[in-house]
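The file start.cif comes next; it holds mmCIF, C-alpha atoms and all ligand atoms.
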data_query
loop_
_atom_site.label_atom_id
_atom_site.label_comp_id
_atom_site.auth_asym_id
_atom_site.auth_seq_id
_atom_site.Cartn_x
_atom_site.Cartn_y
_atom_site.Cartn_z
CA MET A 5 96.96 81.85 108.59
CA THR A 6 97.16 85.03 110.65
CA GLY A 7 100.50 85.47 112.29
CA MET A 8 103.02 87.84 113.80
CA ILE A 9 105.59 87.93 111.00
CA ALA A 10 107.87 90.30 112.91
CA GLU A 11 107.63 91.88 116.35
CA GLY A 12 104.51 94.06 116.21
CA VAL A 13 103.54 93.10 112.64
CA ALA A 14 100.37 91.02 112.33
CA TYR A 15 99.70 89.68 108.85
CA HIS A 16 96.20 88.46 107.97
CA PRO A 17 96.43 87.05 104.43
CA GLY A 18 93.04 86.71 102.75
CA LEU A 19 91.15 88.18 105.72
CA LEU A 20 88.55 89.66 103.36
CA PRO A 21 86.51 87.21 101.29
CA ALA A 22 85.81 88.15 97.65
CA THR A 23 82.25 89.30 98.44
CA GLU A 24 83.56 91.61 101.14
CA GLN A 25 86.25 93.00 98.80
CA LYS A 26 83.59 93.81 96.19
CA ALA A 27 81.36 95.51 98.75
CA LEU A 28 84.33 97.53 99.98
CA VAL A 29 85.12 98.68 96.42
CA ALA A 30 81.48 99.87 96.12
CA ASP A 31 81.85 101.79 99.42
CA LEU A 32 85.07 103.33 98.12
CA HIS A 33 83.39 104.49 94.92
CA ARG A 34 81.04 106.55 97.10
CA VAL A 35 83.99 107.95 99.05
CA ILE A 36 85.85 108.85 95.84
CA ALA A 37 82.75 110.55 94.38
CA ALA A 38 82.74 112.87 97.41
CA ALA A 39 86.54 113.19 97.68
CA PRO A 40 88.25 112.69 94.29
CA PHE A 41 91.82 111.43 94.02
CA PHE A 42 94.51 114.11 93.99
CA THR A 43 98.22 113.86 93.18
CA PRO A 44 100.27 114.72 96.26
CA GLN A 45 103.57 116.57 95.89
CA MET A 46 106.85 116.17 97.70
CA PRO A 47 107.62 118.77 100.36
CA ARG A 48 109.84 121.63 99.10
CA THR A 49 110.44 120.32 95.54
CA GLY A 50 106.79 119.88 94.59
CA ALA A 51 107.67 116.73 92.63
CA PRO A 52 104.52 114.66 92.10
CA PHE A 53 104.00 111.29 93.79
CA SER A 54 103.43 108.38 91.41
CA VAL A 55 100.53 107.32 93.65
CA GLU A 56 97.21 109.20 93.75
CA MET A 57 95.53 109.73 97.10
CA THR A 58 92.35 110.63 98.88
CA ASN A 59 91.04 110.12 102.41
CA CYS A 60 88.00 109.46 104.52
CA GLY A 61 87.48 110.17 108.20
CA PRO A 62 87.61 113.34 110.32
CA LEU A 63 91.24 113.86 109.25
CA GLY A 64 93.13 113.11 106.06
CA TRP A 65 96.84 112.94 105.22
CA VAL A 66 98.08 115.35 102.56
CA SER A 67 101.46 116.37 101.16
CA ASP A 68 102.47 119.43 99.18
CA ARG A 69 105.35 121.92 99.01
CA LYS A 70 104.50 123.03 102.56
CA GLY A 71 105.01 119.53 103.93
CA TYR A 72 103.20 116.44 105.20
CA ARG A 73 100.21 116.95 107.49
CA TYR A 74 96.73 115.87 108.51
CA GLN A 75 93.84 118.20 107.78
CA PRO A 76 90.02 117.98 107.96
CA THR A 77 89.44 119.06 104.35
CA HIS A 78 90.30 117.95 100.81
CA PRO A 79 93.17 120.06 99.37
CA GLU A 80 91.36 120.73 96.07
CA THR A 81 87.64 120.81 96.85
CA GLY A 82 88.05 122.36 100.32
CA ARG A 83 85.29 120.06 101.58
CA ARG A 84 85.42 117.82 104.63
CA TRP A 85 86.48 114.22 103.98
CA PRO A 86 83.57 111.73 103.87
CA PRO A 87 83.16 109.37 106.83
CA ILE A 88 85.05 106.08 107.04
CA PRO A 89 82.68 103.34 105.77
CA GLU A 90 81.37 101.02 108.50
CA ARG A 91 82.86 98.04 106.64
CA LEU A 92 86.34 99.48 107.22
CA LEU A 93 85.67 100.26 110.89
CA LYS A 94 84.66 96.61 111.24
CA ILE A 95 88.09 95.54 109.94
CA TRP A 96 89.78 97.91 112.44
CA ARG A 97 87.89 96.18 115.27
CA ALA A 98 88.37 92.68 113.83
CA VAL A 99 92.16 92.96 114.06
CA GLY A 100 91.87 94.14 117.65
CA ALA A 101 92.73 97.81 117.17
CA PRO A 102 91.44 100.05 119.97
CA GLY A 103 88.71 102.70 119.78
CA VAL A 104 88.05 104.27 116.38
CA PRO A 105 90.47 105.42 113.65
CA GLU A 106 90.45 109.12 112.72
CA ALA A 107 91.97 108.90 109.26
CA CYS A 108 91.89 106.45 106.40
CA LEU A 109 94.35 107.25 103.62
CA ILE A 110 93.45 105.72 100.26
CA ASN A 111 96.38 105.18 97.86
CA ARG A 112 95.79 104.33 94.22
CA TYR A 113 98.58 102.65 92.24
CA GLY A 114 98.26 102.82 88.48
CA GLU A 115 100.82 101.51 86.02
CA GLY A 116 104.36 101.96 87.30
CA ALA A 117 103.37 103.56 90.62
CA LYS A 118 105.42 102.79 93.70
CA MET A 119 106.12 104.20 97.15
CA GLY A 120 109.54 104.80 98.61
CA LEU A 121 110.67 103.49 101.97
CA HIS A 122 109.07 105.64 104.70
CA GLN A 123 107.81 105.69 108.27
CA ASP A 124 104.26 106.72 109.19
CA ARG A 125 105.16 109.36 111.77
CA ASP A 126 103.02 112.42 111.10
CA GLU A 127 100.51 111.42 113.79
CA GLU A 128 100.47 113.03 117.23
CA THR A 129 100.21 109.61 118.84
CA PHE A 130 101.61 106.17 118.03
CA GLU A 131 99.50 104.37 120.65
CA ALA A 132 97.22 102.78 118.06
CA PRO A 133 98.44 100.55 115.24
CA VAL A 134 98.18 101.34 111.53
CA VAL A 135 95.79 98.90 109.84
CA SER A 136 96.42 98.41 106.11
CA VAL A 137 94.01 96.79 103.63
CA SER A 138 95.06 95.82 100.09
CA LEU A 139 92.65 95.58 97.12
CA GLY A 140 93.32 94.76 93.47
CA ASP A 141 96.70 93.89 92.03
CA THR A 142 99.33 92.30 94.28
CA ALA A 143 102.04 94.59 95.64
CA VAL A 144 105.63 93.82 96.50
CA PHE A 145 105.84 95.34 99.99
CA ARG A 146 109.23 96.04 101.57
CA MET A 147 109.69 96.16 105.34
CA GLY A 148 112.79 97.20 107.21
CA GLY A 149 113.54 98.18 110.78
CA THR A 150 113.05 101.40 112.68
CA THR A 151 116.11 103.02 111.10
CA ARG A 152 116.44 103.73 107.38
CA ARG A 153 119.52 101.56 107.09
CA GLY A 154 119.76 97.88 107.75
CA PRO A 155 118.21 94.74 106.35
CA THR A 156 114.78 94.64 104.75
CA ARG A 157 112.50 91.81 103.70
CA SER A 158 109.81 91.73 101.08
CA LEU A 159 106.29 90.39 101.24
CA ARG A 160 103.57 90.15 98.59
CA LEU A 161 100.34 91.85 99.61
CA ALA A 162 97.40 90.44 97.65
CA SER A 163 93.81 91.62 97.37
CA GLY A 164 91.99 91.02 100.65
CA ASP A 165 95.15 90.91 102.78
CA VAL A 166 95.32 93.00 105.93
CA ILE A 167 98.58 93.92 107.69
CA VAL A 168 98.81 95.66 111.05
CA PHE A 169 101.84 97.63 112.29
CA GLY A 170 101.68 98.13 116.03
CA GLY A 171 103.83 98.33 119.13
CA PRO A 172 107.52 98.09 118.25
CA ALA A 173 106.66 98.01 114.51
CA ARG A 174 104.58 101.19 114.53
CA LEU A 175 107.57 103.22 113.28
CA MET A 176 109.00 100.57 110.99
CA TYR A 177 110.26 101.64 107.56
CA HIS A 178 108.22 100.21 104.68
CA GLY A 179 107.39 100.89 101.04
CA ILE A 180 105.99 99.46 97.83
CA ASP A 181 108.63 98.32 95.31
CA ARG A 182 106.14 97.56 92.57
CA VAL A 183 102.66 96.34 91.74
CA LEU A 184 102.14 93.20 89.66
CA ALA A 185 99.89 94.37 86.81
CA GLY A 186 97.05 92.02 85.92
CA SER A 187 97.36 89.89 89.07
CA SER A 188 93.78 90.59 90.23
CA ARG A 189 90.46 91.06 88.50
CA LEU A 190 88.78 92.92 91.39
CA LEU A 191 89.20 96.40 89.89
CA PRO A 192 87.96 96.65 86.29
CA GLU A 193 90.42 99.48 85.59
CA GLY A 194 93.28 97.43 87.07
CA GLY A 195 95.88 98.69 89.53
CA ARG A 196 95.83 98.59 93.29
CA LEU A 197 94.10 100.37 96.15
CA ASN A 198 95.61 100.46 99.62
CA LEU A 199 93.72 101.74 102.64
CA THR A 200 95.58 102.66 105.81
CA MET A 201 93.58 103.51 108.90
CA ARG A 202 95.25 105.51 111.64
CA ARG A 203 94.66 107.23 114.92
CA VAL A 204 96.06 110.78 114.65
CA THR A 205 95.35 112.35 118.08
CA PRO A 206 95.58 110.67 121.47
CA PHE A 207 92.54 108.77 122.71
CA PRO A 208 90.30 110.73 125.06
CA ALA A 209 90.53 109.38 128.63
CA ASP A 210 87.24 107.47 128.27
CA GLU A 211 88.05 105.81 124.93
CA ALA A 212 89.55 102.40 125.49
CA GLY A 213 93.08 101.36 124.66
C1 LIG A 301 100.74 100.48 100.60
N1 LIG A 301 101.29 101.06 102.81
O1 LIG A 301 100.53 99.34 100.98
C2 LIG A 301 101.43 101.46 101.47
N2 LIG A 301 101.82 102.22 106.13
O2 LIG A 301 100.40 100.89 99.50
C3 LIG A 301 101.77 101.79 103.81
O3 LIG A 301 102.38 102.81 103.60
C4 LIG A 301 101.56 101.33 105.19
O4 LIG A 301 100.89 99.15 104.58
C5 LIG A 301 101.71 101.87 107.42
C6 LIG A 301 101.32 100.61 107.80
C7 LIG A 301 101.02 99.70 106.86
C8 LIG A 301 101.15 100.04 105.51
FE FE A 302 103.02 103.83 105.32
#
For the structure just supplied, provide its representation as structure tokens.
Amino acid sequence: MTGMIAEGVAYHPGLLPATEQKALVADLHRVIAAAPFFTPQMPRTGAPFSVEMTNCGPLGWVSDRKGYRYQPTHPETGRRWPPIPERLLKIWRAVGAPGVPEACLINRYGEGAKMGLHQDRDEETFEAPVVSVSLGDTAVFRMGGTTRRGPTRSLRLASGDVIVFGGPARLMYHGIDRVLAGSSRLLPEGGRLNLTMRRVTPFPADEAG
């Protein structure tokens, strides 16, 4: 099942069994209780994202009028982000990612939410891959190349799928065209959760690559 679907892109459809998905949702409820979802805003214009976000880990990704960045605290509560649940760290290791991730961005897609084509490039290092976990309704994921122009392909990411962008794909353009409402029964409220784990700062010399 698992395969390299493009250079540097490892796709693991159905990596998480249903029991594991449910346990992960319970872990995420604890994270969200400590770090509620917020609505990020576009740099400069302040236009709201259609996706809500929160984070866990020593660093979290935020966006507001001042720009995109990683910071150790929640933009609204001012508190540190809760730790990344062990169950997620286990997925990081299971796909062969090195060391430990520093940030896990949690995206919530409600009705009509989508995410434009973008690169994940706010990290200080690109040496580790980005590991993405999908839960809930299926998403239509679009992947392009390392420039904004050029051909793209689309892939459906279902609940329990894991996709890893590493090596030459680390800076690949990607986005979410739409989410197929009602395609999963995992989340009682419907919608989709996406978790992306990242390394933000370079590994210390003693932490393996
Ligand atoms: C999403 N995913 O699936 C958005 N980024 O909702 C991402 O933006 C993403 O899936 C980097 C690597 C893998 C991803
Ligand atoms: Fe991304």
Could the residues of chain A that have an atom at most 7 Å from ligand FE 302 (chain A) be listed as a tab-separated table, each with its closest atom pair and the distance in Å to one decimal, counting all atoms listed in the file and ordered by chain and ascending residue number?
residue	atom	partner	partner_atom	distance
A:His122	CA	A:FE302	FE	6.3
A:Gln123	CA	A:FE302	FE	5.9
A:Asp124	CA	A:FE302	FE	5.0
A:His178	CA	A:FE302	FE	6.4
A:Gly179	CA	A:FE302	FE	6.8
**Item:** Shell of 9 Å around ligand LIG 301 (chain A) (all atoms listed in the file), written as a PyMOL selection string
**Value:** chain A and resi 55+110-113+118-124+133-138+143-145+161+166-170+173-180+196-202
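Taking CA of Val66 (chain A) and CA of Pro44 (chain A) as endpoints, the distance between them is 6.7 Å.
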**Request:** Extract, using all atoms listed in the file, all DNA, RNA and protein residues at most 10 Å from Ala39 (chain A), discarding same-chain residues fewer than 4 positions from it, and format them as a list in words.
**Result:** Leu32, His33, Arg34, Val35, Met57, Thr58, Asn59, Cys60, Thr77, His78, Pro79, Glu80, Thr81, Gly82, Arg83, Arg84, Trp85 and Pro86 of chain A
Write the residues you've just listed into a file as a short mmCIF file (atom, residue, chain, number, x, y, z; two decimals), in the coordinates of the input, and include C-alpha atoms for each of them.
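The resulting file, part_25.cif, is reproduced below:
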data_model
loop_
_atom_site.label_atom_id
_atom_site.label_comp_id
_atom_site.auth_asym_id
_atom_site.auth_seq_id
_atom_site.Cartn_x
_atom_site.Cartn_y
_atom_site.Cartn_z
CA LEU A 32 85.07 103.33 98.12
CA HIS A 33 83.39 104.49 94.92
CA ARG A 34 81.04 106.55 97.10
CA VAL A 35 83.99 107.95 99.05
CA MET A 57 95.53 109.73 97.10
CA THR A 58 92.35 110.63 98.88
CA ASN A 59 91.04 110.12 102.41
CA CYS A 60 88.00 109.46 104.52
CA THR A 77 89.44 119.06 104.35
CA HIS A 78 90.30 117.95 100.81
CA PRO A 79 93.17 120.06 99.37
CA GLU A 80 91.36 120.73 96.07
CA THR A 81 87.64 120.81 96.85
CA GLY A 82 88.05 122.36 100.32
CA ARG A 83 85.29 120.06 101.58
CA ARG A 84 85.42 117.82 104.63
CA TRP A 85 86.48 114.22 103.98
CA PRO A 86 83.57 111.73 103.87
#
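Using all atoms listed in the file, the nearest neighbour of Thr156 (chain A) within the list A:Ala10, A:Leu139, A:Ala27, A:Ala38 is A:Ala10.
Closest approach to Arg97 (chain A) from the set A:Ala132, A:Val204, A:Ile36, A:Met8 is made by A:Ala132, with distances taken over all atoms listed in the file.
Take CA of Pro76 (chain A) and CA of Arg203 (chain A): the distance between them is 13.6 Å.
Omitting Met46 (chain A) and its sequence neighbours fewer than 5 positions away, and counting all atoms listed in the file, the residues within 10 Å are Ala51, Pro52, Phe53, Ser67, Asp68, Arg69, Lys70, Gly71 and Tyr72 of chain A.
A straight line drawn from CA of Leu93 (chain A) to CA of Thr23 (chain A) is 16.9 Å long.
Proximity ranking of A:Arg157, A:Arg73, A:His16, A:Arg182 relative to Glu128 (chain A) places A:Arg73 first, based on all atoms listed in the file.
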**Prompt:** Which one of A:Gly50, A:Pro62, A:Gly140, A:Gly114 sits closest to Ala162 (chain A) if you count only C-alpha atoms?
**Reply:** A:Gly140
**Prompt:** Using all atoms listed in the file, which residue out of A:Leu20, A:Asp141, A:Leu190, A:Ala37 lies closest to Leu92 (chain A)?
**Reply:** A:Leu20
Would you mind listing, for every residue of region 118-157 of chain A within 8 Å of region 205-212 of chain A, the two atoms forming the shortest contact and the distance between them in Å to one decimal, using all atoms listed in the file, sorted by chain and ascending residue number, as JSON lines?
{"residue": "A:Glu127", "atom": "CA", "partner": "A:Thr205", "partner_atom": "CA", "distance": 6.8}
{"residue": "A:Glu128", "atom": "CA", "partner": "A:Thr205", "partner_atom": "CA", "distance": 5.2}
{"residue": "A:Thr129", "atom": "CA", "partner": "A:Pro206", "partner_atom": "CA", "distance": 5.4}
{"residue": "A:Glu131", "atom": "CA", "partner": "A:Pro206", "partner_atom": "CA", "distance": 7.5}
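Taking only C-alpha atoms into account, Gly61 (chain A) lies nearest to A:Gln75 out of the set A:Thr49, A:Ser187, A:Gln25, A:Gln75.
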